[in-house]
Every structure is written in structure tokens, then in C-alpha cells.
$ cat final.txt   # compact mmCIF, C-alpha atoms and all ligand atoms
# COMPACT_ATOMS: atom_id res chain seq x y z
CA MET A 1392 72.34 50.49 41.90
CA ARG A 1393 74.92 52.79 40.31
CA LEU A 1394 78.60 52.14 41.05
CA THR A 1395 81.03 54.92 41.89
CA VAL A 1396 83.96 55.53 39.55
CA GLU A 1397 86.27 53.71 42.00
CA GLU A 1398 83.91 50.74 42.27
CA THR A 1399 83.59 50.56 38.48
CA GLY A 1400 87.39 50.58 38.13
CA ARG A 1401 87.75 47.84 40.74
CA ALA A 1402 85.08 45.70 39.07
CA ALA A 1403 86.65 46.19 35.62
CA ARG A 1404 90.06 45.12 36.97
CA PHE A 1405 88.51 42.07 38.65
CA PHE A 1406 86.85 40.94 35.39
CA ALA A 1407 89.90 41.72 33.22
CA ASP A 1408 92.22 39.81 35.61
CA GLY A 1409 89.79 36.89 35.73
CA ILE A 1410 89.62 36.75 31.94
CA LYS A 1411 93.43 36.69 31.70
CA ARG A 1412 93.65 33.96 34.32
CA MET A 1413 91.06 31.74 32.59
CA ALA A 1414 92.24 32.25 28.99
CA SER A 1415 94.39 29.12 28.84
CA ARG A 1416 93.67 28.42 25.15
CA PRO A 1417 92.53 30.47 22.12
CA VAL A 1418 88.80 31.22 22.22
CA ARG A 1419 86.67 32.97 19.67
CA ILE A 1420 83.73 34.97 21.01
CA MET A 1421 81.09 36.45 18.75
CA GLU A 1422 79.50 39.76 19.67
CA VAL A 1423 76.26 39.19 17.79
CA CYS A 1424 75.03 42.76 17.88
CA GLY A 1425 76.42 45.77 16.03
CA THR A 1426 75.77 47.97 19.06
CA HIS A 1427 78.09 45.69 21.05
CA THR A 1428 80.75 45.92 18.33
CA VAL A 1429 80.75 49.71 18.60
CA ALA A 1430 80.60 49.70 22.43
CA ILE A 1431 83.56 47.28 22.60
CA PHE A 1432 85.68 49.55 20.44
CA ARG A 1433 84.57 52.73 22.17
CA ALA A 1434 85.40 51.39 25.64
CA GLY A 1435 88.77 49.95 24.56
CA ILE A 1436 87.74 46.45 25.71
CA ARG A 1437 89.89 44.71 23.10
CA GLN A 1438 92.98 46.25 24.66
CA LEU A 1439 92.08 44.68 28.02
CA LEU A 1440 91.84 41.15 26.63
CA PRO A 1441 94.70 38.65 26.40
CA PRO A 1442 95.71 37.53 22.88
CA GLU A 1443 93.97 34.17 23.45
CA VAL A 1444 90.56 35.88 23.44
CA GLU A 1445 89.43 36.85 19.96
CA LEU A 1446 86.27 38.88 19.41
CA VAL A 1447 84.48 38.60 16.07
CA SER A 1448 81.40 40.42 14.87
CA GLY A 1449 78.14 38.70 14.05
CA PRO A 1450 74.95 39.17 12.07
CA GLY A 1451 73.33 41.70 14.40
CA CYS A 1452 73.63 44.84 12.29
CA PRO A 1453 70.22 45.09 10.58
CA VAL A 1454 71.34 47.21 7.65
CA CYS A 1455 74.34 44.92 7.02
CA VAL A 1456 72.31 41.71 6.80
CA THR A 1457 69.67 43.24 4.52
CA PRO A 1458 70.56 41.77 1.11
CA ASN A 1459 70.96 43.70 -2.08
CA GLU A 1460 67.76 42.26 -3.53
CA TYR A 1461 65.83 44.22 -0.87
CA ILE A 1462 67.76 47.44 -1.62
CA ASP A 1463 67.14 46.90 -5.35
CA THR A 1464 63.41 46.34 -4.74
CA ALA A 1465 63.25 49.53 -2.66
CA ILE A 1466 65.01 51.42 -5.46
CA ALA A 1467 62.57 50.00 -8.04
CA CYS A 1468 59.75 51.08 -5.74
CA SER A 1469 61.16 54.62 -5.48
CA ARG A 1470 61.00 54.88 -9.26
CA CYS A 1471 57.24 54.18 -9.33
CA PRO A 1472 55.02 57.22 -9.91
CA ASP A 1473 53.41 58.95 -6.93
CA THR A 1474 55.45 56.94 -4.45
CA VAL A 1475 57.25 58.16 -1.34
CA ILE A 1476 59.89 55.99 0.31
CA ALA A 1477 60.21 56.51 4.07
CA THR A 1478 63.42 55.08 5.49
CA PHE A 1479 65.91 55.26 8.32
CA GLY A 1480 68.98 57.25 7.25
CA ASP A 1481 71.40 54.28 7.35
CA MET A 1482 69.70 52.62 4.40
CA LEU A 1483 70.30 55.55 2.07
CA ARG A 1484 73.99 54.92 1.41
CA VAL A 1485 73.91 51.12 1.11
CA PRO A 1486 75.04 50.29 -2.42
CA GLY A 1487 72.48 48.22 -4.31
CA SER A 1488 73.36 46.24 -7.44
CA GLN A 1489 73.39 49.31 -9.66
CA SER A 1490 72.35 52.31 -7.61
CA SER A 1491 71.56 53.40 -4.06
CA LEU A 1492 68.62 55.15 -2.49
CA MET A 1493 70.83 58.21 -2.07
CA ALA A 1494 71.63 58.29 -5.79
CA GLU A 1495 67.93 57.89 -6.58
CA LYS A 1496 67.07 60.74 -4.20
CA ALA A 1497 69.68 62.94 -5.89
CA GLN A 1498 67.96 62.19 -9.19
CA GLY A 1499 64.59 63.30 -7.85
CA ALA A 1500 63.00 60.25 -6.24
CA ASP A 1501 60.83 61.16 -3.25
CA ILE A 1502 62.81 59.45 -0.49
CA ARG A 1503 62.44 60.79 3.02
CA ILE A 1504 64.41 60.00 6.15
CA VAL A 1505 62.29 59.10 9.18
CA TYR A 1506 63.30 58.57 12.79
CA SER A 1507 60.35 56.34 13.69
CA PRO A 1508 57.88 54.30 11.62
CA LEU A 1509 55.20 56.65 12.98
CA ASP A 1510 56.76 59.49 10.93
CA SER A 1511 55.79 57.59 7.80
CA LEU A 1512 52.13 57.58 8.92
CA ARG A 1513 52.24 61.37 9.14
CA ILE A 1514 53.70 61.53 5.62
CA ALA A 1515 50.89 59.25 4.40
CA ARG A 1516 48.24 61.45 6.05
CA GLU A 1517 49.74 64.61 4.53
CA ASN A 1518 50.02 63.05 1.04
CA PRO A 1519 46.75 61.24 0.37
CA GLY A 1520 47.46 61.11 -3.37
CA LYS A 1521 50.72 59.22 -2.89
CA LYS A 1522 51.68 55.74 -1.78
CA VAL A 1523 54.02 55.87 1.20
CA VAL A 1524 56.27 52.83 1.58
CA PHE A 1525 58.10 52.41 4.88
CA LEU A 1526 61.32 50.37 4.63
CA ALA A 1527 60.98 48.19 7.72
CA VAL A 1528 64.45 46.98 8.66
CA GLY A 1529 65.51 45.68 12.04
CA PHE A 1530 65.25 42.86 14.55
CA GLU A 1531 62.87 42.02 17.40
CA THR A 1532 63.75 45.39 18.93
CA THR A 1533 62.24 47.53 16.19
CA ALA A 1534 59.65 45.19 14.67
CA PRO A 1535 57.03 45.73 17.43
CA THR A 1536 57.05 49.50 16.74
CA ALA A 1537 56.57 48.85 13.03
CA ALA A 1538 53.76 46.43 13.90
CA ALA A 1539 52.12 49.04 16.15
CA THR A 1540 52.37 51.52 13.27
CA VAL A 1541 50.42 49.13 11.02
CA LEU A 1542 47.73 48.90 13.72
CA GLN A 1543 47.58 52.70 13.85
CA ALA A 1544 47.30 52.89 10.06
CA GLU A 1545 44.29 50.60 10.34
CA GLN A 1546 42.74 52.69 13.13
CA GLN A 1547 43.24 55.86 11.09
CA GLY A 1548 41.80 54.25 7.96
CA LEU A 1549 44.93 55.03 5.93
CA GLU A 1550 44.92 53.29 2.57
CA ASN A 1551 48.14 54.75 1.17
CA PHE A 1552 50.56 53.38 3.77
CA PHE A 1553 52.63 50.27 3.05
CA VAL A 1554 55.45 48.34 4.69
CA LEU A 1555 58.27 46.69 2.76
CA SER A 1556 59.42 44.30 5.45
CA ALA A 1557 63.02 43.20 5.84
CA HIS A 1558 62.51 42.51 9.54
CA LYS A 1559 64.54 39.64 10.86
CA LEU A 1560 64.71 37.42 13.91
CA ALA A 1561 68.11 36.96 15.54
CA PRO A 1562 67.95 33.35 16.88
CA PRO A 1563 67.59 31.59 13.46
CA ALA A 1564 70.81 33.31 12.29
CA LEU A 1565 72.64 31.94 15.34
CA LYS A 1566 71.26 28.51 14.46
CA ALA A 1567 72.65 28.92 10.93
CA ILE A 1568 76.07 29.93 12.29
CA LEU A 1569 76.19 26.98 14.67
CA ALA A 1570 75.03 24.52 12.01
CA ALA A 1571 77.68 25.62 9.49
CA PRO A 1572 80.58 23.16 9.07
CA ASP A 1573 83.07 26.05 9.32
CA SER A 1574 81.58 27.32 12.63
CA ARG A 1575 84.32 28.16 15.14
CA ILE A 1576 82.51 30.08 17.86
CA ASP A 1577 83.32 29.25 21.49
CA GLY A 1578 80.83 31.66 23.05
CA PHE A 1579 78.20 34.27 22.22
CA LEU A 1580 77.63 37.73 23.61
CA LEU A 1581 73.89 37.98 22.98
CA PRO A 1582 72.05 41.25 22.37
CA GLY A 1583 70.24 42.51 25.44
CA HIS A 1584 67.74 44.62 23.54
CA THR A 1585 66.33 41.79 21.38
CA ALA A 1586 66.17 39.48 24.42
CA ALA A 1587 64.33 42.25 26.30
CA ILE A 1588 61.52 41.79 23.75
CA SER A 1589 61.62 38.05 23.02
CA GLY A 1590 62.74 36.81 26.44
CA LEU A 1591 65.38 34.15 27.01
CA ALA A 1592 63.58 31.07 25.65
CA PRO A 1593 64.51 31.60 21.95
CA TYR A 1594 68.22 31.61 22.90
CA ARG A 1595 68.32 28.52 25.12
CA PHE A 1596 69.14 26.19 22.21
CA VAL A 1597 72.64 27.68 21.94
CA ALA A 1598 73.83 26.04 25.16
CA GLU A 1599 71.27 23.23 25.39
CA GLU A 1600 71.54 21.88 21.82
CA HIS A 1601 74.97 23.09 20.69
CA ARG A 1602 76.78 23.17 24.05
CA VAL A 1603 78.12 26.66 23.35
CA PRO A 1604 78.15 29.18 26.22
CA ALA A 1605 75.99 32.27 25.79
CA VAL A 1606 75.51 35.42 27.85
CA VAL A 1607 72.76 37.98 27.27
CA THR A 1608 74.39 41.29 28.02
CA GLY A 1609 73.90 45.04 28.21
CA PHE A 1610 75.79 47.79 26.45
CA GLU A 1611 77.93 49.48 29.09
CA ALA A 1612 81.63 48.63 29.19
CA LEU A 1613 81.30 46.83 32.51
CA ASP A 1614 78.33 44.77 31.23
CA ILE A 1615 80.39 43.55 28.30
CA LEU A 1616 83.51 42.88 30.33
CA GLN A 1617 81.49 40.91 32.88
CA ALA A 1618 79.79 38.96 30.07
CA ILE A 1619 83.18 37.98 28.58
CA TYR A 1620 84.30 36.95 32.07
CA LEU A 1621 81.15 34.80 32.46
CA LEU A 1622 81.76 33.21 29.05
CA LEU A 1623 85.39 32.37 29.95
CA LYS A 1624 84.18 30.89 33.24
CA GLN A 1625 81.78 28.58 31.38
CA ILE A 1626 84.41 27.65 28.81
CA ALA A 1627 86.94 26.86 31.56
CA ALA A 1628 84.41 24.74 33.46
CA GLY A 1629 83.12 23.04 30.30
CA GLN A 1630 79.56 23.77 31.43
CA PRO A 1631 77.72 25.81 28.82
CA VAL A 1632 74.53 27.54 29.94
CA LEU A 1633 72.56 30.62 28.97
CA VAL A 1634 73.28 33.40 31.47
CA ASN A 1635 71.34 36.64 31.71
CA GLN A 1636 73.88 39.30 32.69
CA TYR A 1637 71.42 42.11 31.84
CA ARG A 1638 68.79 41.28 34.46
CA ARG A 1639 68.10 44.96 35.16
CA VAL A 1640 66.48 45.14 31.70
CA VAL A 1641 65.91 41.61 30.35
CA LYS A 1642 63.17 39.56 31.98
CA SER A 1643 63.03 35.84 31.37
CA ALA A 1644 59.63 36.19 29.65
CA GLY A 1645 60.69 39.27 27.67
CA ASN A 1646 58.04 41.86 26.89
CA PRO A 1647 54.77 39.95 26.34
CA ALA A 1648 52.85 43.07 25.27
CA ALA A 1649 55.38 43.85 22.51
CA MET A 1650 55.42 40.20 21.41
CA ARG A 1651 51.59 40.19 21.23
CA VAL A 1652 51.59 43.15 18.83
CA LEU A 1653 54.43 41.62 16.84
CA ASN A 1654 52.64 38.28 16.47
CA GLN A 1655 49.34 39.96 15.62
CA VAL A 1656 50.80 41.82 12.65
CA TYR A 1657 53.75 39.68 11.52
CA ARG A 1658 54.35 36.00 10.82
CA PRO A 1659 57.73 34.26 10.49
CA VAL A 1660 58.85 33.43 6.95
CA ASP A 1661 62.00 32.14 5.29
CA THR A 1662 64.11 35.07 4.19
CA VAL A 1663 67.45 35.96 2.62
CA TRP A 1664 70.32 37.36 4.71
CA ARG A 1665 73.41 38.92 3.21
CA GLY A 1666 76.19 36.37 3.50
CA PHE A 1667 73.93 33.53 4.60
CA GLY A 1668 71.36 33.05 1.85
CA VAL A 1669 67.90 31.87 2.92
CA ILE A 1670 67.46 31.12 6.63
CA ALA A 1671 64.28 29.24 7.53
CA GLY A 1672 61.76 31.14 9.67
CA SER A 1673 64.08 34.11 10.11
CA GLY A 1674 62.06 36.90 8.48
CA LEU A 1675 58.81 38.68 9.31
CA ARG A 1676 56.04 39.23 6.80
CA LEU A 1677 52.61 40.77 7.44
CA THR A 1678 49.88 38.30 8.40
CA ALA A 1679 46.91 37.75 6.10
CA ALA A 1680 44.79 40.15 8.18
CA TYR A 1681 47.22 43.00 7.40
CA GLU A 1682 48.34 41.99 3.92
CA ARG A 1683 46.83 45.14 2.40
CA TYR A 1684 49.67 47.06 4.07
CA ASP A 1685 52.34 44.71 2.68
CA ALA A 1686 54.11 46.55 -0.17
CA ALA A 1687 55.40 43.23 -1.54
CA ALA A 1688 51.82 41.92 -1.88
CA ALA A 1689 49.79 45.06 -2.52
CA LEU A 1690 52.04 46.96 -4.98
CA PRO A 1691 53.15 45.82 -8.44
CA LEU A 1692 56.82 45.53 -7.49
CA VAL A 1693 59.23 44.15 -10.04
CA LYS A 1694 61.50 41.51 -8.58
CA ALA A 1695 65.02 42.78 -9.03
CA VAL A 1696 67.92 40.69 -10.35
CA SER A 1697 70.53 41.42 -7.73
CA ARG A 1698 74.20 40.84 -7.17
CA GLU A 1699 76.44 41.55 -4.21
CA PRO A 1700 79.38 43.96 -4.66
CA ALA A 1701 82.38 42.27 -6.32
CA GLY A 1702 85.02 41.21 -3.84
CA CYS A 1703 83.07 42.40 -0.77
CA ARG A 1704 83.50 39.92 2.08
CA CYS A 1705 80.68 41.30 4.23
CA GLY A 1706 79.10 37.85 4.30
CA GLU A 1707 82.15 36.30 5.93
CA VAL A 1708 82.43 39.21 8.36
CA LEU A 1709 78.78 38.73 9.37
CA ARG A 1710 79.34 35.01 9.97
CA GLY A 1711 82.41 35.69 12.12
CA LEU A 1712 84.74 33.92 9.68
CA ILE A 1713 87.01 36.90 9.07
CA VAL A 1714 87.57 40.29 10.67
CA PRO A 1715 87.09 43.34 8.42
CA ALA A 1716 90.83 43.84 8.01
CA GLY A 1717 90.84 40.45 6.26
CA CYS A 1718 89.00 41.98 3.31
CA PRO A 1719 91.36 43.37 0.65
CA HIS A 1720 89.02 46.33 0.05
CA PHE A 1721 89.13 47.40 3.71
CA GLY A 1722 90.48 50.92 4.12
CA GLN A 1723 91.64 50.91 0.49
CA SER A 1724 88.83 50.93 -2.05
CA CYS A 1725 86.23 50.65 0.76
CA THR A 1726 85.93 53.45 3.32
CA PRO A 1727 82.94 55.07 5.06
CA GLU A 1728 83.10 57.89 2.47
CA HIS A 1729 83.10 55.41 -0.41
CA PRO A 1730 81.62 52.15 0.89
CA VAL A 1731 81.73 49.06 -1.28
CA GLY A 1732 79.50 46.99 1.00
CA ALA A 1733 76.81 47.49 3.62
CA CYS A 1734 79.14 46.64 6.55
CA MET A 1735 81.04 49.86 5.86
CA VAL A 1736 77.86 51.98 5.72
CA SER A 1737 75.91 51.47 8.89
CA VAL A 1738 77.19 53.03 12.12
CA GLU A 1739 76.72 49.53 13.58
CA GLY A 1740 78.56 47.83 10.73
CA ALA A 1741 81.67 45.89 11.73
CA CYS A 1742 83.78 47.31 8.88
CA ALA A 1743 82.74 50.88 9.72
CA ALA A 1744 83.54 50.31 13.42
CA TRP A 1745 86.94 48.78 12.66
CA TYR A 1746 87.73 51.67 10.34
CA LYS A 1747 86.56 54.37 12.76
CA TYR A 1748 88.32 52.99 15.83
CA GLY A 1749 91.72 52.32 14.30
CA GLN A 1750 91.20 48.76 13.13
CA GLY A 1751 91.26 47.17 16.61
CA ARG A 1752 93.69 44.37 16.91
FE1 LIG B 1 82.68 44.65 2.21
FE2 LIG B 1 84.04 46.91 2.50
FE3 LIG B 1 83.73 45.34 4.58
FE4 LIG B 1 85.30 44.60 2.57
S1 LIG B 1 85.65 46.30 3.94
S2 LIG B 1 83.80 43.33 3.63
S3 LIG B 1 84.21 45.48 0.82
S4 LIG B 1 82.09 46.40 3.46

$ encode --input "final.txt" --output "C-alpha cells"
Amino acid sequence: MRLTVEETGRAARFFADGIKRMASRPVRIMEVCGTHTVAIFRAGIRQLLPPEVELVSGPGCPVCVTPNEYIDTAIACSRCPDTVIATFGDMLRVPGSQSSLMAEKAQGADIRIVYSPLDSLRIARENPGKKVVFLAVGFETTAPTAAATVLQAEQQGLENFFVLSAHKLAPPALKAILAAPDSRIDGFLLPGHTAAISGLAPYRFVAEEHRVPAVVTGFEALDILQAIYLLLKQIAAGQPVLVNQYRRVVKSAGNPAAMRVLNQVYRPVDTVWRGFGVIAGSGLRLTAAYERYDAAAALPLVKAVSREPAGCRCGEVLRGLIVPAGCPHFGQSCTPEHPVGACMVSVEGACAAWYKYGQGR
């Protein structure tokens, strides 16, 4: 049911007033997903909140959490003969340890921007003499499409298509945040699109094991405002539970068909996140049955020696320990035109969002 403009205004006032009424002590809420970070800025939600309610970004921007060692491996791969790199545009400008995919492209590497993993299959079909490596970055939302692409490659008998997987699962990162001794999160705004695939079960531990309130929410301003209201309500009552605010999209069981494809092609592995290090069971690697499509197994890739950009505090931003303005590079030596770290590159990156929307408050 769609609300009229008047009804939306009334509902927004109700939630904003309720939040103010219940905010009797400082609370720190993490918006896990980069899409939420941008939506919060765009809708001016920060300006509606009382000073007691602090919003911090989390590890839900896929490009931001992809560590430099992956970027460096992709760059090394782009330098191999007869190799095409197929990637989403966001990855191009992320600074690696010594170069970026954009710099490599400018120097002649065959790096092509795709809008769907399926585009990389077309490139593979059209270039049978070349190896086409798709840079698979993203969470539960995008991984099923990449998995379906591998199944199509098999159906089409393509032997020159490979996936370099940096896919990640969101719940293990939340576990890592909650287990950290410096964790100071009073509530989570959980990403509706990943829960739409995985269902609610993987997120129940937040309230059940850690007694931290959590609300799965959508991406419209009213969704987010209502979710913050629901979090404050739980905090005030001292009764943490997992609430599904986004019931019009997220079903309790998620999307079983998408999960079937995902689990057929990928298996969970330990993997490195920018700012976190290795998180157990948080990455996705191709299963043995599809290993021939795994660039990391099938191609002679040289393991890069990587380092993160000097002074970049992306890791702390992604763990909700500081806001972007707390980084001395922010808006000075690091801007969207000249990014020092990944969080300033991606449109979903917290630093880029803070920069674009006037640094919030
Ligand atoms: Fe890193 Fe730039 Fe963000 Fe600082 S402002 S944390 S250097 S991306």
C-alpha cells in the first residue's frame, strides 16, 4: 500500500518524535549497508535525529571491504598475456598497493566495465583466444547472479571464462564487530537486500547471542526512520530482538532458489576483509565441481605482496569506530577526485557519502 504525501509526512513526524522521546542516553547505531549510508544522507535523516543518536557506517560496502591484496592480484592478472578483466566500474579507481585497474587500463591492459556478470560471458564468447576473468565482488545480493553465470558458462561449454571471487557474507562480519573488545554498537540497521536472499536466520544471533537489537530494513526514508524508531524502542525496553521492518520484500526464509544456486557453485571460506583481517567463513570460493572456473585455482596468479594506503583509516570507518571526518586525510589529501582509500571511491563508500553530502554531523 502506497502512502500519500500527507500520510508519509505524518508517519515521519510520528517516528522522529518517538525517537526523540526515547533517546534518553547516547546510542550508537550502525547502518551496515552502504546503500543505507547514502539513503540516510540523501533523505536528511541525520538532521531529524537528536544528538543522543549517533549513526555510524559499517562493513556493507563491497568495494570498500575488498582488501588491497585482491586489487593487486587483479592488477597482476590484467598484466598476463591474452587476458581480459571484466569488472564493475567501482573497482577501477580503487588504489591498490602500487597501481589501480584504471592506471593499468590507461597503459593498455584489456580491462572492460560490465554491468552484469553475464556481460563477461558475452566477452568470453566473442574472444575465444583470450581468458576472461570476472572480478566477482559483492555480498549475498550479487553472489547468486555470479553463481548463475558460472552455471551458464558450463552450459555453453565456455573454457575461457574465470571468476576471481571476492564475494563475502555479511553475518560473519557482524559477528567480528560484536566480538571485538572495542565494540560499541547499541543497534544494527540490517541490509534488506542481503536478508531478502539469505532470510532472517543468519542474523538472529545478533539479538539472541549478543543481546543487541537489530532491524532488517528497506531503503526508503520512511523505512529507515521506522527502523531507527524500532531500534530505540528495543533499547528503551531492554528487550533486543530481530525485527523485520521490510516485510514487503524480505521473507523469513529468504529466496531459497537463489540460495540453492549460490550453494551449488560457492562454498564458504575464511577470507580477508579490509580493516578486519581474516574473518572465518566469511568469503565464497567456487566448489570443487566448478573449480575450473576459479581464476585463483586455474590460472597461474602470482600472490601479491600488498599494503594498505598509509594513514588511511578505512578499516576503522568500516568497523564503526570512527566517522570519516575523524580521518586526517578526509577532504584534504583524500577526495573523490583523488581517493587515498577505497571508502572514498565507491558510491556506497562512507567517506564518499560524507564528502558528497556535506560531512553530515
Ligand atoms: Fe581512507 Fe580517505 Fe576515508 Fe581517510 S578519508 S579513511 S584516507 S578513504

$ closest_atom_pairs --input "final.txt" --of "chain A" --to "ligand LIG 1 (chain B)" --cutoff "10 Å" --atoms "only C-alpha atoms and all ligand atoms" --output "Markdown table"
| residue | atom | partner | partner_atom | distance |
| --- | --- | --- | --- | --- |
| A:Cys1455 | CA | B:LIG1 | S4 | 8.7 |
| A:Val1485 | CA | B:LIG1 | S4 | 9.7 |
| A:Pro1486 | CA | B:LIG1 | S4 | 10.0 |
| A:Glu1699 | CA | B:LIG1 | FE1 | 9.5 |
| A:Pro1700 | CA | B:LIG1 | S3 | 7.5 |
| A:Ala1701 | CA | B:LIG1 | S3 | 8.0 |
| A:Gly1702 | CA | B:LIG1 | S3 | 6.4 |
| A:Cys1703 | CA | B:LIG1 | S3 | 3.6 |
| A:Arg1704 | CA | B:LIG1 | S2 | 3.8 |
| A:Cys1705 | CA | B:LIG1 | S2 | 3.8 |
| A:Gly1706 | CA | B:LIG1 | S2 | 7.3 |
| A:Glu1707 | CA | B:LIG1 | S2 | 7.6 |
| A:Val1708 | CA | B:LIG1 | S2 | 6.4 |
| A:Leu1709 | CA | B:LIG1 | S2 | 8.9 |
| A:Ile1713 | CA | B:LIG1 | S2 | 9.0 |
| A:Val1714 | CA | B:LIG1 | S2 | 8.5 |
| A:Pro1715 | CA | B:LIG1 | FE3 | 5.5 |
| A:Ala1716 | CA | B:LIG1 | S1 | 7.0 |
| A:Gly1717 | CA | B:LIG1 | FE4 | 7.8 |
| A:Cys1718 | CA | B:LIG1 | FE4 | 4.6 |
| A:Pro1719 | CA | B:LIG1 | FE4 | 6.5 |
| A:His1720 | CA | B:LIG1 | FE4 | 4.8 |
| A:Phe1721 | CA | B:LIG1 | S1 | 3.7 |
| A:Gly1722 | CA | B:LIG1 | S1 | 6.7 |
| A:Gln1723 | CA | B:LIG1 | S1 | 8.3 |
| A:Ser1724 | CA | B:LIG1 | S3 | 7.7 |
| A:Cys1725 | CA | B:LIG1 | FE2 | 4.7 |
| A:Thr1726 | CA | B:LIG1 | FE2 | 6.9 |
| A:Pro1727 | CA | B:LIG1 | FE2 | 8.6 |
| A:His1729 | CA | B:LIG1 | FE2 | 9.0 |
| A:Pro1730 | CA | B:LIG1 | FE2 | 6.0 |
| A:Val1731 | CA | B:LIG1 | S3 | 4.8 |
| A:Gly1732 | CA | B:LIG1 | S4 | 3.6 |
| A:Ala1733 | CA | B:LIG1 | S4 | 5.4 |
| A:Cys1734 | CA | B:LIG1 | S4 | 4.3 |
| A:Met1735 | CA | B:LIG1 | S4 | 4.3 |
| A:Val1736 | CA | B:LIG1 | S4 | 7.4 |
| A:Ser1737 | CA | B:LIG1 | S4 | 9.7 |
| A:Gly1740 | CA | B:LIG1 | S4 | 8.2 |
| A:Ala1741 | CA | B:LIG1 | FE3 | 7.5 |
| A:Cys1742 | CA | B:LIG1 | FE3 | 4.7 |
| A:Ala1743 | CA | B:LIG1 | FE3 | 7.6 |
| A:Trp1745 | CA | B:LIG1 | S1 | 9.2 |
| A:Tyr1746 | CA | B:LIG1 | S1 | 8.6 |

$ closest_residue --input "final.txt" --among "A:Val1447, A:Val1597, A:Ala1687, A:Val1396" --to "Pro1563 (chain A)" --atoms "all atoms listed in the file"
A:Val1597

$ closest_residue --input "final.txt" --among "A:Gly1583, A:Leu1394, A:Arg1676, A:Tyr1594" --to "Gln1636 (chain A)" --atoms "only C-alpha atoms"
A:Gly1583

$ residues_around --input "final.txt" --residues "Lys1642 (chain A)" --least-positions-apart "4" --cutoff "9 Å" --atoms "all atoms listed in the file" --output "list in words"
Ala1586, Ala1587, Ile1588, Gly1590, Leu1591, Asn1635, Tyr1637, Arg1638 and Asn1646 of chain A

$ write_last_selection --input "final.txt" --atoms "C-alpha atoms" --output "PDB file, in the coordinates of the input"
ATOM      1  CA  ALA A1586      66.170  39.480  24.420  1.00  0.00           C
ATOM      2  CA  ALA A1587      64.330  42.250  26.300  1.00  0.00           C
ATOM      3  CA  ILE A1588      61.520  41.790  23.750  1.00  0.00           C
ATOM      4  CA  GLY A1590      62.740  36.810  26.440  1.00  0.00           C
ATOM      5  CA  LEU A1591      65.380  34.150  27.010  1.00  0.00           C
ATOM      6  CA  ASN A1635      71.340  36.640  31.710  1.00  0.00           C
ATOM      7  CA  TYR A1637      71.420  42.110  31.840  1.00  0.00           C
ATOM      8  CA  ARG A1638      68.790  41.280  34.460  1.00  0.00           C
ATOM      9  CA  ASN A1646      58.040  41.860  26.890  1.00  0.00           C
TER      10      ASN A1646
END

$ residues_around --input "final.txt" --residues "Leu1446 (chain A)" --least-positions-apart "2" --cutoff "8 Å" --atoms "all atoms listed in the file" --output "PyMOL selection string"
chain A and resi 1419-1422+1437+1444+1448

$ closest_residue --input "final.txt" --among "A:Leu1633, A:Leu1526, A:Ala1561, A:Ala1649" --to "Cys1452 (chain A)" --atoms "all atoms listed in the file"
A:Ala1561

$ atom_distance --input "final.txt" --atom1 "CA of Phe1432 (chain A)" --atom2 "CA of Asp1614 (chain A)"
13.9 Å

$ closest_residue --input "final.txt" --among "A:Ile1502, A:Val1423, A:Ala1688, A:Ala1403" --to "Ala1605 (chain A)" --atoms "all atoms listed in the file"
A:Val1423
